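Shown here: work.txt, compact mmCIF, C-alpha atoms.
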# COMPACT_ATOMS: atom_id res chain seq x y z
CA MET A 24 -13.60 -22.70 17.50
CA LYS A 25 -11.67 -19.89 15.80
CA GLU A 26 -13.63 -17.80 13.34
CA ASN A 27 -10.75 -17.55 10.87
CA HIS A 28 -12.71 -18.20 7.69
CA GLN A 29 -13.64 -14.55 7.21
CA TYR A 30 -10.07 -13.28 7.29
CA ALA A 31 -7.33 -13.49 4.66
CA GLU A 32 -4.58 -16.07 4.72
CA HIS A 33 -1.19 -15.47 3.11
CA THR A 34 -1.02 -14.96 -0.62
CA ASP A 35 0.19 -17.93 -2.68
CA SER A 36 3.81 -16.83 -2.71
CA TYR A 37 7.09 -18.68 -2.63
CA TYR A 38 7.58 -17.31 0.87
CA ALA A 39 4.28 -18.69 2.18
CA ALA A 40 4.98 -22.05 0.56
CA THR A 41 8.41 -22.30 2.23
CA ALA A 42 7.69 -20.62 5.57
CA GLU A 43 9.51 -22.20 8.49
CA ASN A 44 6.35 -22.24 10.61
CA ARG A 45 2.69 -21.38 10.20
CA THR A 46 1.57 -18.86 12.79
CA ASP A 47 -1.53 -19.69 14.80
CA TYR A 48 -2.07 -16.93 17.33
CA PRO A 49 -5.56 -16.53 18.83
CA ALA A 50 -8.01 -13.81 17.95
CA LEU A 51 -8.46 -11.04 20.49
CA LYS A 52 -11.50 -11.61 22.69
CA GLY A 53 -12.58 -9.70 25.74
CA ALA A 54 -10.75 -6.98 27.63
CA GLN A 55 -6.94 -6.84 27.67
CA SER A 56 -4.51 -4.46 29.34
CA ALA A 57 -0.95 -3.70 28.34
CA ASP A 58 1.73 -1.06 28.59
CA ILE A 59 1.79 -0.72 24.81
CA ALA A 60 -0.81 -1.80 22.24
CA ILE A 61 0.42 -2.26 18.66
CA VAL A 62 -1.84 -2.40 15.61
CA GLY A 63 -0.28 -4.20 12.65
CA GLY A 64 1.69 -7.43 12.39
CA GLY A 65 4.18 -6.51 9.69
CA PHE A 66 7.82 -5.58 10.22
CA THR A 67 7.05 -2.21 11.81
CA GLY A 68 4.67 -3.63 14.39
CA VAL A 69 6.56 -6.83 15.11
CA SER A 70 9.95 -5.13 15.30
CA THR A 71 8.56 -2.47 17.64
CA ALA A 72 6.94 -5.16 19.78
CA LEU A 73 10.19 -7.09 20.09
CA THR A 74 12.22 -4.00 20.94
CA LEU A 75 9.73 -3.00 23.63
CA ALA A 76 9.53 -6.55 25.02
CA GLU A 77 13.31 -6.65 25.24
CA ARG A 78 13.08 -3.49 27.37
CA GLY A 79 10.56 -4.99 29.76
CA TYR A 80 7.29 -3.49 28.51
CA ARG A 81 4.06 -5.49 28.48
CA VAL A 82 3.13 -5.51 24.82
CA ALA A 83 -0.04 -6.64 23.04
CA LEU A 84 -0.08 -6.73 19.23
CA ILE A 85 -3.10 -7.27 16.99
CA GLU A 86 -3.02 -8.20 13.30
CA ALA A 87 -6.04 -8.23 10.99
CA ASN A 88 -4.90 -11.34 9.13
CA ARG A 89 -1.66 -13.28 9.72
CA ILE A 90 1.73 -12.09 10.95
CA GLY A 91 3.62 -10.86 7.88
CA TRP A 92 0.48 -10.98 5.73
CA GLY A 93 1.12 -7.69 3.90
CA ALA A 94 4.19 -6.20 2.25
CA SER A 95 6.50 -7.47 5.01
CA GLY A 96 5.87 -11.07 3.96
CA ARG A 97 5.65 -10.51 0.20
CA ASN A 98 8.55 -8.22 -0.72
CA GLY A 99 11.72 -8.91 -2.67
CA GLY A 100 13.63 -9.87 0.46
CA GLN A 101 16.41 -7.39 -0.25
CA LEU A 102 18.16 -5.97 2.80
CA ILE A 103 19.40 -2.59 1.58
CA CYS A 104 20.74 0.28 3.64
CA GLY A 105 19.13 3.67 3.73
CA ILE A 106 15.84 5.40 4.34
CA SER A 107 13.66 6.86 1.63
CA GLY A 108 14.00 10.63 1.50
CA GLU A 109 17.40 10.80 3.19
CA GLU A 110 18.57 13.73 1.07
CA LYS A 111 15.49 15.79 1.99
CA ILE A 112 15.96 14.98 5.67
CA ALA A 113 19.62 16.01 5.48
CA ARG A 114 18.79 19.28 3.74
CA HIS A 115 16.09 20.09 6.27
CA HIS A 116 18.21 19.50 9.37
CA GLY A 117 21.60 20.56 8.02
CA ASP A 118 25.14 19.25 8.23
CA ALA A 119 24.94 18.82 12.01
CA ILE A 120 23.06 15.53 11.59
CA ALA A 121 25.24 14.08 8.79
CA ASP A 122 27.03 11.59 11.02
CA GLU A 123 23.85 10.70 12.88
CA LEU A 124 21.96 10.06 9.66
CA TRP A 125 24.79 7.98 8.24
CA ASP A 126 24.78 5.70 11.28
CA LEU A 127 20.99 5.53 11.29
CA ARG A 128 20.80 4.34 7.68
CA TRP A 129 22.63 1.14 8.68
CA ARG A 130 20.89 0.58 12.01
CA GLY A 131 18.23 -1.75 10.61
CA HIS A 132 20.95 -4.12 9.44
CA GLU A 133 22.49 -4.21 12.89
CA ILE A 134 19.15 -5.01 14.51
CA ILE A 135 18.32 -7.76 12.01
CA PHE A 136 21.73 -9.41 12.10
CA ASP A 137 21.70 -9.40 15.90
CA ARG A 138 18.20 -10.89 16.15
CA ILE A 139 18.88 -13.66 13.68
CA VAL A 140 21.75 -14.81 15.87
CA ARG A 141 20.20 -14.08 19.26
CA TYR A 142 16.87 -15.78 18.59
CA GLY A 143 18.00 -18.43 16.12
CA ILE A 144 15.78 -17.15 13.28
CA GLU A 145 16.14 -19.25 10.13
CA CYS A 146 15.54 -16.81 7.27
CA ASP A 147 18.17 -17.65 4.62
CA LEU A 148 20.24 -14.53 5.26
CA LYS A 149 22.99 -13.96 2.68
CA CYS A 150 25.37 -11.02 2.50
CA GLY A 151 26.01 -9.38 -0.84
CA TYR A 152 24.21 -6.87 -3.04
CA VAL A 153 24.89 -4.96 -6.24
CA ASP A 154 23.39 -1.78 -7.65
CA ALA A 155 23.31 -2.31 -11.43
CA ALA A 156 23.85 0.66 -13.77
CA ILE A 157 21.96 0.64 -17.07
CA LYS A 158 23.04 4.08 -18.30
CA PRO A 159 26.23 6.14 -17.93
CA ARG A 160 24.46 8.57 -15.58
CA HIS A 161 23.70 5.62 -13.29
CA LEU A 162 27.37 4.73 -13.24
CA ARG A 163 28.32 8.29 -12.34
CA ALA A 164 25.91 8.14 -9.40
CA LEU A 165 27.47 4.86 -8.25
CA GLU A 166 30.94 6.36 -8.47
CA ALA A 167 29.74 9.14 -6.16
CA ASP A 168 28.29 6.55 -3.76
CA PHE A 169 31.57 4.64 -3.79
CA ALA A 170 33.50 7.83 -3.00
CA ARG A 171 31.14 8.46 -0.09
CA LEU A 172 31.79 4.97 1.28
CA GLN A 173 35.51 5.59 0.98
CA ARG A 174 35.28 8.91 2.82
CA ARG A 175 33.35 7.21 5.59
CA ASN A 176 35.97 4.45 5.90
CA PHE A 177 33.20 1.92 5.32
CA PRO A 178 34.49 -1.28 6.95
CA TYR A 179 32.73 -3.84 4.76
CA GLU A 180 33.83 -5.07 1.34
CA HIS A 181 32.66 -2.82 -1.49
CA TYR A 182 33.92 -2.23 -5.02
CA LEU A 183 32.96 -0.81 -8.40
CA LEU A 184 32.53 -2.94 -11.50
CA ASP A 185 32.71 -1.95 -15.16
CA ARG A 186 30.72 -3.64 -17.92
CA ASP A 187 33.08 -6.60 -18.11
CA GLY A 188 33.09 -6.95 -14.35
CA MET A 189 29.30 -7.00 -14.28
CA ALA A 190 29.24 -9.61 -17.05
CA GLU A 191 31.54 -11.82 -14.97
CA THR A 192 29.58 -11.20 -11.77
CA LEU A 193 26.04 -11.53 -13.16
CA GLY A 194 26.46 -13.41 -16.42
CA THR A 195 24.82 -10.67 -18.51
CA ARG A 196 25.83 -7.72 -20.70
CA ALA A 197 22.70 -5.79 -19.69
CA TYR A 198 24.60 -3.42 -17.38
CA CYS A 199 27.38 -0.91 -17.95
CA GLY A 200 28.64 -1.10 -14.38
CA GLY A 201 27.74 -1.66 -10.77
CA LEU A 202 28.60 -1.18 -7.12
CA VAL A 203 28.92 -4.26 -4.93
CA ASN A 204 28.26 -3.86 -1.20
CA MET A 205 28.76 -6.89 1.01
CA ARG A 206 26.99 -5.39 4.04
CA ASN A 207 23.68 -5.38 2.19
CA GLY A 208 22.12 -8.69 1.30
CA HIS A 209 18.93 -10.71 1.05
CA LEU A 210 16.71 -12.99 3.12
CA HIS A 211 13.35 -14.75 3.45
CA PRO A 212 11.21 -11.86 4.75
CA LEU A 213 8.23 -13.86 5.96
CA ASN A 214 10.45 -16.16 8.03
CA LEU A 215 12.17 -13.13 9.54
CA CYS A 216 8.88 -11.44 10.46
CA GLN A 217 7.38 -14.57 11.95
CA GLY A 218 10.64 -15.35 13.78
CA GLU A 219 10.67 -11.91 15.37
CA ALA A 220 7.06 -12.39 16.47
CA ARG A 221 7.98 -15.68 18.15
CA ALA A 222 10.88 -13.95 19.87
CA ALA A 223 8.57 -11.22 21.18
CA VAL A 224 6.14 -13.82 22.51
CA SER A 225 9.01 -15.64 24.22
CA LEU A 226 9.70 -12.41 26.11
CA GLY A 227 6.11 -12.05 27.27
CA ALA A 228 4.41 -10.15 24.43
CA SER A 229 0.86 -11.14 23.45
CA VAL A 230 0.07 -11.54 19.75
CA PHE A 231 -3.43 -11.79 18.31
CA GLU A 232 -4.19 -12.65 14.69
CA HIS A 233 -7.45 -12.30 12.75
CA SER A 234 -8.25 -9.25 14.88
CA PRO A 235 -8.72 -6.13 12.76
CA ALA A 236 -8.88 -2.92 14.76
CA THR A 237 -12.15 -1.06 14.35
CA ARG A 238 -11.59 2.06 16.43
CA ILE A 239 -9.24 3.90 18.76
CA VAL A 240 -10.72 5.67 21.74
CA HIS A 241 -8.27 8.40 22.70
CA GLY A 242 -7.50 9.34 26.28
CA SER A 243 -4.89 9.08 29.01
CA ARG A 244 -5.02 5.32 28.40
CA PRO A 245 -6.18 4.92 24.81
CA ARG A 246 -8.24 1.87 23.89
CA VAL A 247 -7.92 -0.14 20.70
CA GLU A 248 -11.16 -1.91 19.84
CA THR A 249 -11.86 -4.95 17.68
CA ALA A 250 -15.12 -6.71 16.90
CA HIS A 251 -14.72 -9.05 19.87
CA GLY A 252 -12.49 -7.28 22.36
CA HIS A 253 -10.29 -4.34 23.21
CA ILE A 254 -6.87 -3.44 24.61
CA GLU A 255 -6.28 -0.56 26.99
CA ALA A 256 -2.69 0.69 27.14
CA ASP A 257 -0.51 3.60 28.13
CA ALA A 258 0.39 4.11 24.47
CA VAL A 259 -0.66 2.79 21.06
CA VAL A 260 1.47 2.22 17.96
CA LEU A 261 -0.17 2.25 14.52
CA ALA A 262 2.12 0.22 12.30
CA GLY A 263 1.30 -0.09 8.62
CA HIS A 264 -1.77 0.55 6.47
CA VAL A 265 -4.09 1.08 9.42
CA PHE A 266 -4.15 4.86 9.09
CA HIS A 267 -6.88 4.94 6.50
CA ARG A 268 -9.52 3.34 8.66
CA LEU A 269 -8.43 4.36 12.18
CA GLU A 270 -7.25 7.96 11.90
CA GLN A 271 -8.83 9.19 8.68
CA ASP A 272 -9.27 12.77 9.86
CA ARG A 273 -5.58 13.15 10.68
CA LEU A 274 -3.67 10.77 8.42
CA SER A 275 -5.66 9.87 5.31
CA GLY A 276 -4.20 11.20 2.09
CA THR A 277 -0.60 11.01 3.29
CA THR A 278 0.33 7.61 1.86
CA PHE A 279 -1.03 5.59 -1.04
CA PRO A 280 -0.55 2.00 -2.20
CA ALA A 281 1.58 1.09 -5.20
CA GLY A 282 1.73 -2.44 -6.53
CA SER A 283 4.92 -4.47 -6.73
CA PHE A 284 5.04 -7.98 -8.13
CA ILE A 285 7.37 -10.98 -8.13
CA MET A 286 7.73 -14.28 -9.94
CA ALA A 287 9.71 -17.29 -8.77
CA THR A 288 11.11 -19.69 -11.33
CA GLU A 289 11.57 -23.39 -10.98
CA PRO A 290 14.84 -24.33 -9.23
CA LEU A 291 17.75 -23.63 -11.56
CA SER A 292 20.61 -26.04 -12.08
CA GLU A 293 23.85 -25.39 -10.24
CA THR A 294 25.51 -24.74 -13.61
CA VAL A 295 23.03 -21.99 -14.43
CA ARG A 296 23.26 -20.48 -10.95
CA ARG A 297 27.03 -20.33 -11.15
CA ARG A 298 26.83 -18.64 -14.53
CA ILE A 299 24.26 -15.96 -13.68
CA ASN A 300 25.08 -15.19 -10.03
CA PRO A 301 28.14 -17.00 -8.67
CA LEU A 302 28.40 -14.68 -5.64
CA ASP A 303 24.70 -15.11 -4.75
CA LEU A 304 24.09 -11.35 -4.74
CA ALA A 305 20.83 -9.46 -4.52
CA VAL A 306 20.52 -7.24 -7.61
CA CYS A 307 18.66 -3.99 -8.14
CA ASP A 308 18.90 -1.82 -11.23
CA MET A 309 19.26 1.96 -11.05
CA ASN A 310 16.05 3.01 -12.80
CA ASN A 311 13.41 4.99 -10.94
CA ILE A 312 10.98 2.15 -11.64
CA ILE A 313 13.25 -0.70 -10.72
CA ASP A 314 13.61 -4.37 -11.52
CA TYR A 315 15.20 -6.48 -8.80
CA TYR A 316 16.13 -10.12 -8.45
CA ARG A 317 18.06 -12.70 -6.47
CA LEU A 318 18.42 -16.41 -5.97
CA SER A 319 16.39 -18.16 -3.29
CA ALA A 320 17.92 -20.64 -0.88
CA ASP A 321 16.68 -23.52 -3.05
CA GLY A 322 18.06 -22.06 -6.27
CA ARG A 323 15.08 -20.29 -7.82
CA LEU A 324 15.36 -16.89 -9.44
CA LEU A 325 13.04 -14.43 -7.71
CA PHE A 326 12.47 -11.58 -10.18
CA GLY A 327 10.31 -8.59 -9.34
CA GLY A 328 9.27 -5.07 -10.16
CA ARG A 329 6.32 -2.96 -11.22
CA CYS A 330 3.86 -4.60 -13.62
CA ASN A 331 1.92 -1.53 -14.72
CA TYR A 332 1.09 2.05 -13.80
CA SER A 333 -2.67 1.71 -13.48
CA GLY A 334 -2.69 0.37 -9.94
CA ARG A 335 -4.43 -2.83 -11.09
CA VAL A 336 -3.12 -6.36 -10.63
CA PRO A 337 -2.32 -7.79 -14.08
CA ALA A 338 -4.10 -10.93 -15.28
CA SER A 339 -0.71 -12.66 -15.43
CA ILE A 340 2.18 -11.31 -13.40
CA SER A 341 4.75 -13.58 -15.04
CA ALA A 342 3.57 -12.58 -18.53
CA VAL A 343 4.54 -8.99 -17.71
CA LEU A 344 7.78 -9.79 -15.91
CA ARG A 345 9.10 -12.47 -18.27
CA PRO A 346 10.10 -10.12 -21.12
CA ARG A 347 12.09 -8.02 -18.64
CA LEU A 348 13.77 -11.14 -17.28
CA ALA A 349 14.57 -12.22 -20.84
CA ARG A 350 16.25 -8.89 -21.57
CA VAL A 351 18.69 -9.65 -18.77
CA TYR A 352 18.96 -13.42 -19.24
CA PRO A 353 17.76 -14.53 -22.70
CA GLU A 354 18.67 -18.12 -21.84
CA LEU A 355 15.96 -18.12 -19.12
CA ARG A 356 13.20 -17.10 -21.52
CA ASP A 357 11.47 -20.48 -21.29
CA VAL A 358 12.16 -21.31 -17.65
CA ARG A 359 9.08 -22.45 -15.75
CA THR A 360 7.34 -20.09 -13.32
CA ASP A 361 6.31 -21.86 -10.12
CA TYR A 362 4.99 -18.88 -8.15
CA GLU A 363 3.82 -15.37 -8.92
CA TRP A 364 2.39 -12.87 -6.48
CA GLY A 365 2.14 -9.23 -5.62
CA GLY A 366 0.91 -6.68 -3.15
CA SER A 367 0.98 -3.03 -2.19
CA ILE A 368 3.80 -1.00 -0.72
CA GLY A 369 3.14 2.30 1.02
CA ILE A 370 4.28 5.35 -0.92
CA ALA A 371 4.54 8.58 1.04
CA ILE A 372 3.80 11.64 -1.10
CA LEU A 373 7.19 13.25 -0.41
CA ARG A 374 8.97 9.87 -0.21
CA ILE A 375 9.86 10.44 3.47
CA PRO A 376 8.62 7.89 6.04
CA LEU A 377 5.69 9.16 8.05
CA LEU A 378 6.52 9.09 11.73
CA GLY A 379 4.67 11.00 14.42
CA ARG A 380 2.17 10.87 17.25
CA ILE A 381 -1.36 11.96 18.04
CA ASN A 382 -2.44 13.34 21.41
CA GLY A 383 0.95 12.47 22.83
CA ASN A 384 0.39 8.73 23.20
CA VAL A 385 -0.67 7.31 19.81
CA TYR A 386 2.40 6.79 17.61
CA TYR A 387 2.41 5.95 13.91
CA ALA A 388 4.93 4.91 11.25
CA GLN A 389 4.42 4.07 7.59
CA GLY A 390 5.36 4.98 4.04
CA TYR A 391 8.82 3.48 3.42
CA SER A 392 8.44 3.75 -0.37
CA GLY A 393 10.17 0.45 -1.11
CA HIS A 394 12.91 0.59 1.56
CA GLY A 395 10.93 -1.43 4.06
CA VAL A 396 13.06 -4.29 5.40
CA ASN A 397 15.79 -2.07 6.82
CA ALA A 398 13.71 1.05 7.54
CA THR A 399 10.94 -0.73 9.45
CA HIS A 400 13.44 -1.98 11.99
CA ILE A 401 14.95 1.49 12.33
CA MET A 402 11.51 2.99 12.92
CA GLY A 403 10.57 0.29 15.40
CA GLU A 404 13.55 1.20 17.56
CA ILE A 405 12.92 4.94 17.15
CA ILE A 406 9.32 4.54 18.33
CA ALA A 407 10.43 2.40 21.28
CA ASP A 408 12.95 5.11 22.18
CA ALA A 409 10.24 7.78 21.96
CA ILE A 410 7.90 5.80 24.20
CA GLY A 411 10.75 5.63 26.69
CA GLY A 412 11.19 9.40 26.52
CA THR A 413 14.10 9.72 24.05
CA LEU A 414 12.89 11.79 21.09
CA GLU A 415 16.16 12.71 19.34
CA HIS A 416 15.73 10.40 16.34
CA PHE A 417 11.95 10.55 16.44
CA ASP A 418 12.00 14.31 15.89
CA LEU A 419 14.23 13.98 12.80
CA PHE A 420 11.19 12.52 11.02
CA ALA A 421 8.26 13.88 12.99
CA ASN A 422 9.36 17.46 12.30
CA MET A 423 9.58 17.00 8.55
CA ARG A 424 7.02 18.71 6.33
CA ARG A 425 4.48 16.33 4.87
CA LEU A 426 2.04 16.62 2.02
CA ARG A 427 -1.53 15.44 2.33
CA LEU A 428 -3.80 15.08 -0.67
CA PRO A 429 -7.50 15.66 -0.02
CA VAL A 430 -8.56 12.60 -2.00
CA GLY A 431 -9.51 9.03 -1.24
CA THR A 432 -7.23 6.02 -1.54
CA ALA A 433 -8.59 5.04 -4.96
CA VAL A 434 -7.98 8.46 -6.50
CA GLY A 435 -4.68 8.79 -4.69
CA GLY A 436 -3.62 5.42 -6.05
CA GLN A 437 -4.28 6.63 -9.57
CA MET A 438 -2.20 9.74 -8.88
CA VAL A 439 0.65 7.54 -7.68
CA ALA A 440 0.28 5.51 -10.88
CA LEU A 441 0.59 8.70 -12.93
CA GLY A 442 3.65 9.67 -10.95
CA MET A 443 5.18 6.26 -11.60
CA LEU A 444 4.48 6.65 -15.31
CA TYR A 445 6.34 9.98 -15.26
CA TYR A 446 9.37 8.34 -13.64
CA ARG A 447 9.20 5.48 -16.14
CA MET A 448 9.37 8.01 -18.98
CA LYS A 449 12.44 9.53 -17.31
CA ASP A 450 14.02 6.06 -17.18
CA LEU A 451 13.62 5.76 -20.94
CA LEU A 452 15.52 8.98 -21.65

Mind turning this structure into structure tokens?
Amino acid sequence: MKENHQYAEHTDSYYAATAENRTDYPALKGAQSADIAIVGGGFTGVSTALTLAERGYRVALIEANRIGWGASGRNGGQLICGISGEEKIARHHGDAIADELWDLRWRGHEIIFDRIVRYGIECDLKCGYVDAAIKPRHLRALEADFARLQRRNFPYEHYLLDRDGMAETLGTRAYCGGLVNMRNGHLHPLNLCQGEARAAVSLGASVFEHSPATRIVHGSRPRVETAHGHIEADAVVLAGHVFHRLEQDRLSGTTFPAGSFIMATEPLSETVRRRINPLDLAVCDMNNIIDYYRLSADGRLLFGGRCNYSGRVPASISAVLRPRLARVYPELRDVRTDYEWGGSIGIAILRIPLLGRINGNVYYAQGYSGHGVNATHIMGEIIADAIGGTLEHFDLFANMRRLRLPVGTAVGGQMVALGMLYYRMKDLL
């Protein structure tokens, strides 16, 4: 009998309620051997596992709870190009990497689109996204982004909108302009993560749920230990929030959790959907502390953002988010909320993903600062390349300066909250 009762199941989200399948992988027991052991069953771990399995490696992945249990299965489902901290990376490495970095920022999309088709993953993928400007300075930034796309001969549909154009496209006068990009889009993140795990298993990977790692024993073949077993491998990948308990001496204080929360309305009528989002776009405003929203496949409005700056989960998520939704769509003020949920995203202190390795054979990646769906898949491929001996992209990130705060997660979380409050004050100016 599986001893699952002591481990966490998925949060009561819209995604968990509408997941295509419920994962039921065994817990790790006894001794296992693999080429690569991966700790963490979110997008980073699962994407890395699938990439390695496609290349013929024997992969074993362990997850403390369920596949996609954390941020990968709870996020806004927005597939947006880019990597947090791109400008800092570009400044550090210089103009020589401009083309390389431009191609890299879209690579996650290419991987995801290909896998959805190749493995038949049903995850409600829709193309179309708009950055929404609230202030004139936002619009100026979007005009610069549009000019950049033009210079790059961007092959996908993209166009600027003024206030009237945004009102026609989103059924609201809340925005003074926007930039539509039809290469970006939105999807059901939990279905994608679970679908990629199934694909990895179909290629020979082993996946174990309800198996939190307790220790790594370093060596020529490092060993990942759990309460009831272990995996020996040529290399280990730490994927997600495992740093704090597995490599505290080296990696604690480099990333901290920040809460992000979402509500899902009751299904909206077709008339309402056509009025507020006829193109079925994902929407994200241009504030530092953003609100984001989109329609689900069954016609609900999924509306999300930060609920507070204290790091605490509010007593009612929808009570905090509803006034912000009403500012955009007053007519939805009284719409019923069917689901509300939240979770933590990893914030790197310098807003640059943390990518590196320890003792030459323990790799790690985390800290996407809200750019996770695309960036996790980029990092998964970069780690797989590095394991295979190609370090070109790996070194772009591993060689970046990082800041480590000598405080615990609780104190660090409060510092992140203070930082978020600062950015919120900037948004109000």

Which region 324-410 of chain A residues have any atom within 7 Å of an atom of region 71-95 of chain A, and for each, what is the nearest pair of atoms with distance in Å to one decimal, counting all atoms listed in the file, rows sorted by chain and number, as a tab-separated table?
residue	atom	partner	partner_atom	distance
A:Gly366	CA	A:Ala94	CA	6.3
A:Ser367	CA	A:Ala94	CA	6.3
A:Ile368	CA	A:Ala94	CA	6.0
A:Gly403	CA	A:Thr71	CA	4.1
A:Glu404	CA	A:Thr71	CA	6.2
A:Ala407	CA	A:Leu75	CA	5.9

* Determine the nearest neighbour of Gly252 (chain A) from the options A:Gly117, A:Gly369, A:Pro235, A:Gly328, counting all atoms listed in the file. =>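 The closest residue to Gly252 (chain A) is A:Pro235.
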
* Looking at A:Ala155, A:Ile401, A:Ala338, A:Leu51, which one is nearest to Ile313 (chain A), with distances taken over only C-alpha atoms? -> A:Ala155

* Asked: Separation of CA of Phe66 (chain A) and CA of Met402 (chain A), in Å?
  -> 9.7 Å

* Of the listed residues A:His251, A:Arg138, A:Arg206, A:Arg345, that which approaches Ala287 (chain A) most closely, counting all atoms listed in the file ->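 Going through A:His251, A:Arg138, A:Arg206, A:Arg345 one by one, the smallest distance to Ala287 (chain A) is for A:Arg345.
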
* Residue nearest Pro245 (chain A) among A:Glu32, A:Gly383, A:Glu109, A:Phe420 (counting all atoms listed in the file) ->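 Nearest candidate to Pro245 (chain A) out of A:Glu32, A:Gly383, A:Glu109, A:Phe420: A:Gly383.
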